[in-house]
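Asks: Take a look at the following structure, please.
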Amino acid sequence: MTLDIIFPMHAIEILGLEKTYQVGFWRKRRKQALRPLHLTVELGQIFGFLGPNGAGKTTTLKMLMGLVYPTSGSARILGMALDDTRMKAQIGFLPEQPYFYDYLTARELLRYYGQLSGIAAKQLNSRVEMILEQVGLRDAATVQLRKFSKGMLQRVGIAQAILHDPKVVFLDEPMSGLDPMGRFEVRRLIEDLKSQGKTVFFSTHILSDAEALCDGVAVLHLGELRGVAVISELTENVQGKVEIVWQGSSIPEAIPALGGDCRCVGQTVRAVVREEKQDQVLDILRRDHLRLVSVVPVRMSLEDYFVARLGKNDLGEPSKAPPKLNSFSMAGGNRNS
Ligand SMILES: Nc1ncnc2c1ncn2[C@@H]1O[C@H](COP(=O)(O)OP(=O)(O)OP(=O)(O)O)[C@@H](O)[C@H]1O
Ligand SMILES: [Mg+2]
């Protein structure tokens with residue numbers, strides 16, 4: 001047993017995982033769902049796996065879970081290989097479209113899963129009650145699942161994923177189809193898991209959730225890794241521009257002449273200018289007796305990053321050079337390429 005297995009350096013290391021499906025009636029056509037993927041996720045992080053439909057997110061998760069075989073490459077979870085049963089006991093998984101038997105209650109279902117995952121009979125009841133409480137389903141514990149809302153079913157799915165107290169939790173689209181309250185509750189659950197020291201790796205389309213929750217994200221498109229970013233580095237990136245907002249609808253001519261990108265929104269004007277032009281713009285506003293509302297550095301959002309990584313080509317807009325890959329590195333100096 002190596003030291004890395006006892007004290008793993010990383011939660012997840014994906015080492016060139018690749019998947020090509022054989023498709024068509026005779027299974028003769030090849031469909032490359034995932035090009036060789038290299039990615040590292042640190043222990044204790046919440047990591048978002050982002051990408052549009054068909055990007056290869058579920059395929060990657062299924063390979064990590066051992067549900068489909070990689071065409072090539074390998075991965076390690078908690079320093080252990082994908083077929084290592086010791087590792088499987090320490091991971092939890094919420095599939096993209098979980099199916100639960102409709103006529104079981106939440107409590108019955110969790111007891112069943114608890115037995116399957118080998119929780120000792122003595123601890124099973126207290127563990128199930130604790131998890132029902134944690135996912136906010138204690139009052140609905142005796143209700144059959146066919147009467148549950150989508151949000152409640154998603155929480156049952158998360159409950160089964162964390163019942164056996166895994167160290168790394170994989171969630172495929174945990175917020176999909178949920179209303180804002182349901183999304184809030186799932187976000188809170190994911191934050192709880194992080195505060196318990198667990199690593200959470202989840203796929204999503206919902207960029208605002210990823211921005212609010214994640215330490216790091218990877219953007220995947222058409223089976224290819226388009227970039228990896230540390231969220232705090234992204235949003236602290238001030239880009240050398242400021243947004244200056246003033247009241248009214250008047251735009252002094254000198255401001256666009258300084259390169260200011262001006263937009264009138266309701267009863268305010270917003271101008272984005274380079275930082276070094278800020279004082280000149282403020283002088284112009286003072287000269288014209290315009291009332292200043294705010295001066296704020298422009299920060300990058302996850303949406304800006306995501307759109308830039310996909311490239312305008314992929315958004316159906318005019319062609320441009322593809323984005324430069326992997327210009328971000330994860331904390332601790334790991335580069336994901
Ligand atoms: N079993 C399969 N056989 C053949 N092709 C498949 C299979 N599973 C997935 N694919 C194809 O692989 C590509 C990646 O699919 P995948 O489900 O991994 O994407 P995804 O990122 O999870 O998408 P979504 O956001 O819609 O869930 C898609 O083009 C899909 O059609
Ligand atoms: Mg999917």
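By convention here, the chains of the structure tokens are called A, B, ... in the order presented, each chain's residues are numbered starting at 1, and ligands are numbered starting at 1 in the order presented.
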Around ligand 1, which protein and nucleic acid residues have at least one atom no more than 10 Å from it, if we count only C-alpha atoms and all ligand atoms? List them as a ChimeraX atom specification.

Replies: /A:19-24,27,29-34,49-63,68,96-97,172-173,176,203-205,220-223

Asks: Output the selection as a PDB file, in the first residue's frame - C-alpha atoms for each residue.

Replies:
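selection.pdb, written as the output of this step:
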ATOM      1  CA  LYS A  19     -14.689   7.166 -24.612  1.00  0.00           C
ATOM      2  CA  THR A  20     -15.751   6.196 -28.117  1.00  0.00           C
ATOM      3  CA  TYR A  21     -19.172   4.567 -28.484  1.00  0.00           C
ATOM      4  CA  GLN A  22     -19.970   2.187 -31.356  1.00  0.00           C
ATOM      5  CA  VAL A  23     -23.270   3.443 -32.765  1.00  0.00           C
ATOM      6  CA  GLY A  24     -25.758   2.587 -35.536  1.00  0.00           C
ATOM      7  CA  ARG A  27     -22.494  -0.777 -34.212  1.00  0.00           C
ATOM      8  CA  ARG A  29     -19.982   3.884 -36.672  1.00  0.00           C
ATOM      9  CA  ARG A  30     -17.797   5.423 -34.008  1.00  0.00           C
ATOM     10  CA  LYS A  31     -18.912   8.335 -31.858  1.00  0.00           C
ATOM     11  CA  GLN A  32     -16.225   9.967 -29.761  1.00  0.00           C
ATOM     12  CA  ALA A  33     -18.108  11.145 -26.662  1.00  0.00           C
ATOM     13  CA  LEU A  34     -14.970  12.130 -24.734  1.00  0.00           C
ATOM     14  CA  PHE A  49     -18.266  20.069 -14.401  1.00  0.00           C
ATOM     15  CA  LEU A  50     -19.862  22.396 -16.942  1.00  0.00           C
ATOM     16  CA  GLY A  51     -20.848  21.974 -20.541  1.00  0.00           C
ATOM     17  CA  PRO A  52     -23.794  22.135 -22.923  1.00  0.00           C
ATOM     18  CA  ASN A  53     -25.920  19.096 -23.867  1.00  0.00           C
ATOM     19  CA  GLY A  54     -23.858  16.279 -25.303  1.00  0.00           C
ATOM     20  CA  ALA A  55     -20.567  17.660 -23.943  1.00  0.00           C
ATOM     21  CA  GLY A  56     -19.617  14.332 -22.350  1.00  0.00           C
ATOM     22  CA  LYS A  57     -20.322  15.089 -18.677  1.00  0.00           C
ATOM     23  CA  THR A  58     -22.471  12.025 -17.953  1.00  0.00           C
ATOM     24  CA  THR A  59     -20.110   9.805 -19.954  1.00  0.00           C
ATOM     25  CA  THR A  60     -17.210  10.971 -17.751  1.00  0.00           C
ATOM     26  CA  LEU A  61     -19.185  10.397 -14.556  1.00  0.00           C
ATOM     27  CA  LYS A  62     -20.286   6.935 -15.710  1.00  0.00           C
ATOM     28  CA  MET A  63     -16.673   5.981 -16.396  1.00  0.00           C
ATOM     29  CA  VAL A  68     -19.110   2.201 -18.674  1.00  0.00           C
ATOM     30  CA  GLU A  96     -28.746  12.095 -13.943  1.00  0.00           C
ATOM     31  CA  GLN A  97     -32.229  10.538 -13.972  1.00  0.00           C
ATOM     32  CA  ASP A 172     -24.993  14.412 -12.191  1.00  0.00           C
ATOM     33  CA  GLU A 173     -27.161  17.527 -12.738  1.00  0.00           C
ATOM     34  CA  SER A 176     -31.889  20.076 -13.103  1.00  0.00           C
ATOM     35  CA  SER A 203     -22.207  18.451 -13.411  1.00  0.00           C
ATOM     36  CA  THR A 204     -24.560  21.300 -14.244  1.00  0.00           C
ATOM     37  CA  HIS A 205     -25.832  23.677 -16.914  1.00  0.00           C
ATOM     38  CA  LEU A 220     -16.323  20.636 -21.512  1.00  0.00           C
ATOM     39  CA  HIS A 221     -17.692  20.938 -25.047  1.00  0.00           C
ATOM     40  CA  LEU A 222     -18.169  18.259 -27.709  1.00  0.00           C
ATOM     41  CA  GLY A 223     -16.106  15.850 -25.619  1.00  0.00           C
TER      42      GLY A 223
END

Asks: Taking the DSSP assignment computed from this structure's backbone, write out as a PyMOL selection string all residues of range 87-116 of chain A that belong to strand (DSSP E).

Replies: chain A and resi 91-94

Asks: Find the residue from A:Ala254, A:Ala308, A:Ile12, A:Leu302 that sits nearest to Ile231 in chain A; use only C-alpha atoms when measuring.

Replies: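 Closest residue, counting only C-alpha atoms: A:Leu302.
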
Asks: Residues near range 178-185 of chain A, anyone? I mean within 10 Å using only C-alpha atoms, not counting same-chain ones fewer than 6 positions away, as a PDB file with C-alpha atoms, in the first residue's frame.

Replies:
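Everything below was put into part_11.pdb:
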ATOM      1  CA  VAL A 135     -31.985  16.528   3.468  1.00  0.00           C
ATOM      2  CA  GLY A 136     -35.139  18.033   5.024  1.00  0.00           C
ATOM      3  CA  SER A 149     -42.326  16.565  -5.934  1.00  0.00           C
ATOM      4  CA  LYS A 150     -39.301  16.650  -8.272  1.00  0.00           C
ATOM      5  CA  GLY A 151     -37.348  18.608  -5.651  1.00  0.00           C
ATOM      6  CA  MET A 152     -38.152  16.076  -2.930  1.00  0.00           C
ATOM      7  CA  GLN A 154     -33.867  14.916  -5.940  1.00  0.00           C
ATOM      8  CA  ARG A 155     -33.250  15.175  -2.192  1.00  0.00           C
ATOM      9  CA  GLU A 191     -22.419  23.392   1.032  1.00  0.00           C
ATOM     10  CA  ILE A 206     -26.749  26.297 -14.326  1.00  0.00           C
ATOM     11  CA  ASP A 209     -25.267  27.826  -9.136  1.00  0.00           C
TER      12      ASP A 209
END

Asks: For range 85-90 of chain A, work out the shell of residues within 12 Å, counting only C-alpha atoms and skipping chain neighbours fewer than 6 positions away, then give it as a compact mmCIF listing (two decimals) with N, CA and C atoms, in the first residue's frame.

Replies:
# COMPACT_ATOMS: atom_id res chain seq x y z
N ILE A 5 -2.14 6.15 -1.09
CA ILE A 5 -3.45 5.53 -0.85
C ILE A 5 -3.91 5.83 0.58
N ILE A 6 -2.95 5.82 1.52
CA ILE A 6 -3.35 6.12 2.91
C ILE A 6 -3.72 7.60 3.04
N PRO A 8 -4.30 10.25 0.38
CA PRO A 8 -4.29 10.62 -1.03
C PRO A 8 -4.02 12.12 -1.20
N ALA A 11 -8.42 14.28 -4.56
CA ALA A 11 -9.67 13.53 -4.46
C ALA A 11 -9.88 12.74 -5.75
N ILE A 12 -9.70 13.42 -6.88
CA ILE A 12 -9.95 12.77 -8.17
C ILE A 12 -8.81 13.14 -9.12
N LEU A 64 -16.17 7.15 -14.32
CA LEU A 64 -15.62 7.23 -12.95
C LEU A 64 -16.34 6.26 -12.01
N MET A 65 -17.65 6.07 -12.27
CA MET A 65 -18.44 5.17 -11.41
C MET A 65 -18.28 3.71 -11.81
N GLY A 66 -17.57 3.45 -12.91
CA GLY A 66 -17.40 2.07 -13.37
C GLY A 66 -18.63 1.54 -14.08
N ALA A 75 -8.22 6.57 -14.23
CA ALA A 75 -8.49 7.61 -13.23
C ALA A 75 -8.26 7.02 -11.85
N ARG A 76 -8.01 7.91 -10.91
CA ARG A 76 -7.87 7.48 -9.52
C ARG A 76 -8.77 8.35 -8.67
N ILE A 77 -9.48 7.70 -7.73
CA ILE A 77 -10.31 8.45 -6.79
C ILE A 77 -9.76 8.13 -5.40
N LEU A 78 -9.44 9.18 -4.64
CA LEU A 78 -8.78 9.02 -3.33
C LEU A 78 -7.52 8.17 -3.46
N GLY A 79 -6.84 8.33 -4.57
CA GLY A 79 -5.57 7.62 -4.80
C GLY A 79 -5.75 6.17 -5.21
N GLY A 114 -29.26 1.45 2.52
CA GLY A 114 -28.29 1.32 3.62
C GLY A 114 -27.84 -0.13 3.77
N LEU A 116 -27.94 -2.39 1.38
CA LEU A 116 -27.12 -2.72 0.19
C LEU A 116 -25.68 -2.24 0.36
N SER A 117 -25.53 -1.05 0.98
CA SER A 117 -24.16 -0.52 1.06
C SER A 117 -23.43 -1.01 2.31
N GLY A 118 -24.07 -1.94 3.04
CA GLY A 118 -23.35 -2.64 4.11
C GLY A 118 -23.30 -1.91 5.43
N ILE A 119 -24.23 -0.96 5.65
CA ILE A 119 -24.25 -0.28 6.95
C ILE A 119 -24.74 -1.29 8.00
N ALA A 161 -27.12 8.99 -1.97
CA ALA A 161 -25.70 9.14 -2.34
C ALA A 161 -24.80 9.37 -1.13
N ILE A 162 -25.36 9.94 -0.05
CA ILE A 162 -24.50 10.30 1.10
C ILE A 162 -24.76 9.42 2.33
N LEU A 163 -25.70 8.48 2.19
CA LEU A 163 -26.12 7.66 3.33
C LEU A 163 -24.95 6.95 4.02
N HIS A 164 -24.04 6.42 3.24
CA HIS A 164 -22.95 5.62 3.81
C HIS A 164 -21.73 6.48 4.15
N ASP A 165 -21.94 7.81 4.24
CA ASP A 165 -20.91 8.75 4.67
C ASP A 165 -19.67 8.70 3.77
N PRO A 166 -19.89 8.86 2.45
CA PRO A 166 -18.74 8.78 1.54
C PRO A 166 -17.85 10.02 1.64
N LYS A 167 -16.60 9.87 1.20
CA LYS A 167 -15.67 11.02 1.24
C LYS A 167 -15.80 11.88 -0.02
N VAL A 168 -16.15 11.24 -1.14
CA VAL A 168 -16.30 11.98 -2.39
C VAL A 168 -17.69 11.70 -2.95
N VAL A 169 -18.42 12.79 -3.28
CA VAL A 169 -19.79 12.64 -3.74
C VAL A 169 -19.88 13.16 -5.18
N PHE A 170 -20.42 12.33 -6.07
CA PHE A 170 -20.58 12.68 -7.48
C PHE A 170 -22.07 12.90 -7.75
N LYS A 198 -16.17 16.90 2.87
CA LYS A 198 -16.28 16.01 1.72
C LYS A 198 -15.94 16.75 0.43
N THR A 199 -15.57 15.99 -0.58
CA THR A 199 -15.34 16.55 -1.91
C THR A 199 -16.61 16.32 -2.72

Asks: At a cut-off of 8 Å, using only C-alpha atoms, what residues contact range 280-293 of chain A? Leave out same-chain residues fewer than 6 positions from it and give the result as number ranges by chain.

Replies: A: 244-248, 252, 254-255

Asks: Find, counting only C-alpha atoms and all ligand atoms, the residue in A:Ala121, A:Leu110, A:Pro174, A:Asp102 that gets nearest to ligand 2.

Replies: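 Comparing A:Ala121, A:Leu110, A:Pro174, A:Asp102 against ligand 2, the winner is A:Pro174.
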
Asks: Rank A:Pro256, A:Leu67, A:Pro95, A:Arg146 by their smallest atom-to-atom distance to Met175 in chain A, using only C-alpha atoms, and report the top residue only.

Replies: A:Pro95

Asks: If you measure from CA of Val296 in chain A to CA of Glu243 in chain A, what distance in Å do you get, rounded to one decimal?

Replies: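 Answer for the CA of Val296 in chain A to CA of Glu243 in chain A separation: 5.2 Å.
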
Asks: Please measure the separation of CA of Ser72 in chain A and CA of Pro36 in chain A, giving the value in Å to one decimal.

Replies: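 These two atoms are separated by 7.9 Å.
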
Asks: Would you mind telling me which residue in A:Leu171, A:Ala212, A:Ala229, A:Met300 lies nearest to ligand 2 when using only C-alpha atoms and all ligand atoms?

Replies: A:Leu171

Asks: Go through range 106-318 of chain A and collect every residue that DSSP, computed from the backbone, puts in helix (DSSP H, G or I); the answer should be as a PyMOL selection string.

Replies: chain A and resi 106-116+121-134+138-140+145-147+150-162+180-195+207-213+231-235+254-257+275-287+302-314

Asks: I need the chosen residues saved as a compact mmCIF listing (two decimals), in the first residue's frame, with C-alpha atoms.

Replies:
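Resulting contents of result_17.txt:
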# COMPACT_ATOMS: atom_id res chain seq x y z
CA ALA A 106 -38.37 7.64 1.71
CA ARG A 107 -37.49 5.85 4.96
CA GLU A 108 -38.00 2.37 3.46
CA LEU A 109 -35.95 3.26 0.40
CA LEU A 110 -33.05 4.59 2.46
CA ARG A 111 -33.07 1.55 4.74
CA TYR A 112 -32.92 -0.65 1.66
CA TYR A 113 -29.98 1.31 0.20
CA GLY A 114 -28.29 1.32 3.62
CA GLN A 115 -28.46 -2.49 3.75
CA LEU A 116 -27.12 -2.72 0.19
CA ALA A 121 -27.96 -3.13 11.30
CA LYS A 122 -27.32 -1.45 14.67
CA GLN A 123 -26.43 1.88 13.02
CA LEU A 124 -28.83 1.72 10.11
CA ASN A 125 -31.90 3.28 11.75
CA SER A 126 -30.07 6.18 13.35
CA ARG A 127 -28.10 6.84 10.15
CA VAL A 128 -31.29 6.88 8.04
CA GLU A 129 -33.02 9.25 10.47
CA MET A 130 -29.98 11.55 10.50
CA ILE A 131 -29.86 11.72 6.70
CA LEU A 132 -33.63 12.28 6.42
CA GLU A 133 -33.16 15.23 8.77
CA GLN A 134 -30.14 16.51 6.81
CA ARG A 138 -38.00 13.90 8.08
CA ASP A 139 -41.64 15.02 8.00
CA ALA A 140 -42.20 13.23 4.68
CA LEU A 145 -42.26 8.42 -3.29
CA ARG A 146 -44.98 8.57 -5.99
CA LYS A 147 -46.40 11.54 -4.06
CA LYS A 150 -39.30 16.65 -8.27
CA GLY A 151 -37.35 18.61 -5.65
CA MET A 152 -38.15 16.08 -2.93
CA LEU A 153 -37.15 13.17 -5.21
CA GLN A 154 -33.87 14.92 -5.94
CA ARG A 155 -33.25 15.18 -2.19
CA VAL A 156 -34.02 11.44 -1.82
CA GLY A 157 -31.42 10.87 -4.56
CA ILE A 158 -28.85 12.94 -2.68
CA ALA A 159 -29.78 11.14 0.56
CA GLN A 160 -28.98 7.73 -0.99
CA ALA A 161 -25.70 9.14 -2.34
CA ILE A 162 -24.50 10.30 1.10
CA PRO A 180 -35.56 28.31 -7.33
CA MET A 181 -36.43 27.05 -3.82
CA GLY A 182 -35.49 23.47 -4.77
CA ARG A 183 -32.19 24.70 -6.23
CA PHE A 184 -31.51 26.70 -3.08
CA GLU A 185 -32.08 23.60 -0.93
CA VAL A 186 -29.78 21.45 -3.05
CA ARG A 187 -27.13 24.20 -2.97
CA ARG A 188 -27.38 24.29 0.81
CA LEU A 189 -26.97 20.50 0.95
CA ILE A 190 -23.85 20.66 -1.21
CA GLU A 191 -22.42 23.39 1.03
CA ASP A 192 -23.16 21.19 4.08
CA LEU A 193 -21.20 18.35 2.48
CA LYS A 194 -18.22 20.64 1.96
CA SER A 195 -18.39 21.82 5.57
CA LEU A 207 -23.81 28.69 -14.26
CA SER A 208 -25.11 30.88 -11.43
CA ASP A 209 -25.27 27.83 -9.14
CA ALA A 210 -21.76 26.79 -10.14
CA GLU A 211 -20.45 30.33 -9.55
CA ALA A 212 -22.08 30.50 -6.11
CA LEU A 213 -20.93 27.04 -4.99
CA ILE A 231 -13.77 30.66 -9.34
CA SER A 232 -12.18 33.15 -6.93
CA GLU A 233 -9.43 33.94 -9.47
CA LEU A 234 -12.05 34.44 -12.16
CA THR A 235 -14.31 36.77 -10.26
CA ALA A 254 -16.39 63.21 -24.87
CA ILE A 255 -17.03 59.91 -23.03
CA PRO A 256 -17.52 57.67 -26.11
CA ALA A 257 -14.55 59.57 -27.61
CA GLU A 275 -9.14 52.28 -15.65
CA GLU A 276 -6.69 54.96 -16.78
CA LYS A 277 -9.58 56.98 -18.32
CA GLN A 278 -11.62 56.93 -15.09
CA ASP A 279 -10.52 60.38 -13.80
CA GLN A 280 -11.14 62.04 -17.17
CA VAL A 281 -14.68 60.62 -17.30
CA LEU A 282 -15.39 61.75 -13.71
CA ASP A 283 -14.15 65.29 -14.62
CA ILE A 284 -16.54 65.36 -17.59
CA LEU A 285 -19.48 64.27 -15.41
CA ARG A 286 -18.62 66.99 -12.85
CA ARG A 287 -18.30 69.63 -15.59
CA LEU A 302 -18.50 32.53 -14.85
CA GLU A 303 -20.89 33.15 -17.74
CA ASP A 304 -18.29 35.39 -19.48
CA TYR A 305 -15.70 32.65 -18.99
CA PHE A 306 -18.03 29.89 -20.19
CA VAL A 307 -19.01 31.80 -23.34
CA ALA A 308 -15.35 32.62 -24.07
CA ARG A 309 -14.33 28.95 -23.66
CA LEU A 310 -17.07 27.72 -25.97
CA GLY A 311 -16.10 30.26 -28.62
CA LYS A 312 -18.50 32.34 -30.71
CA ASN A 313 -18.52 29.60 -33.34
CA ASP A 314 -20.26 27.27 -30.90
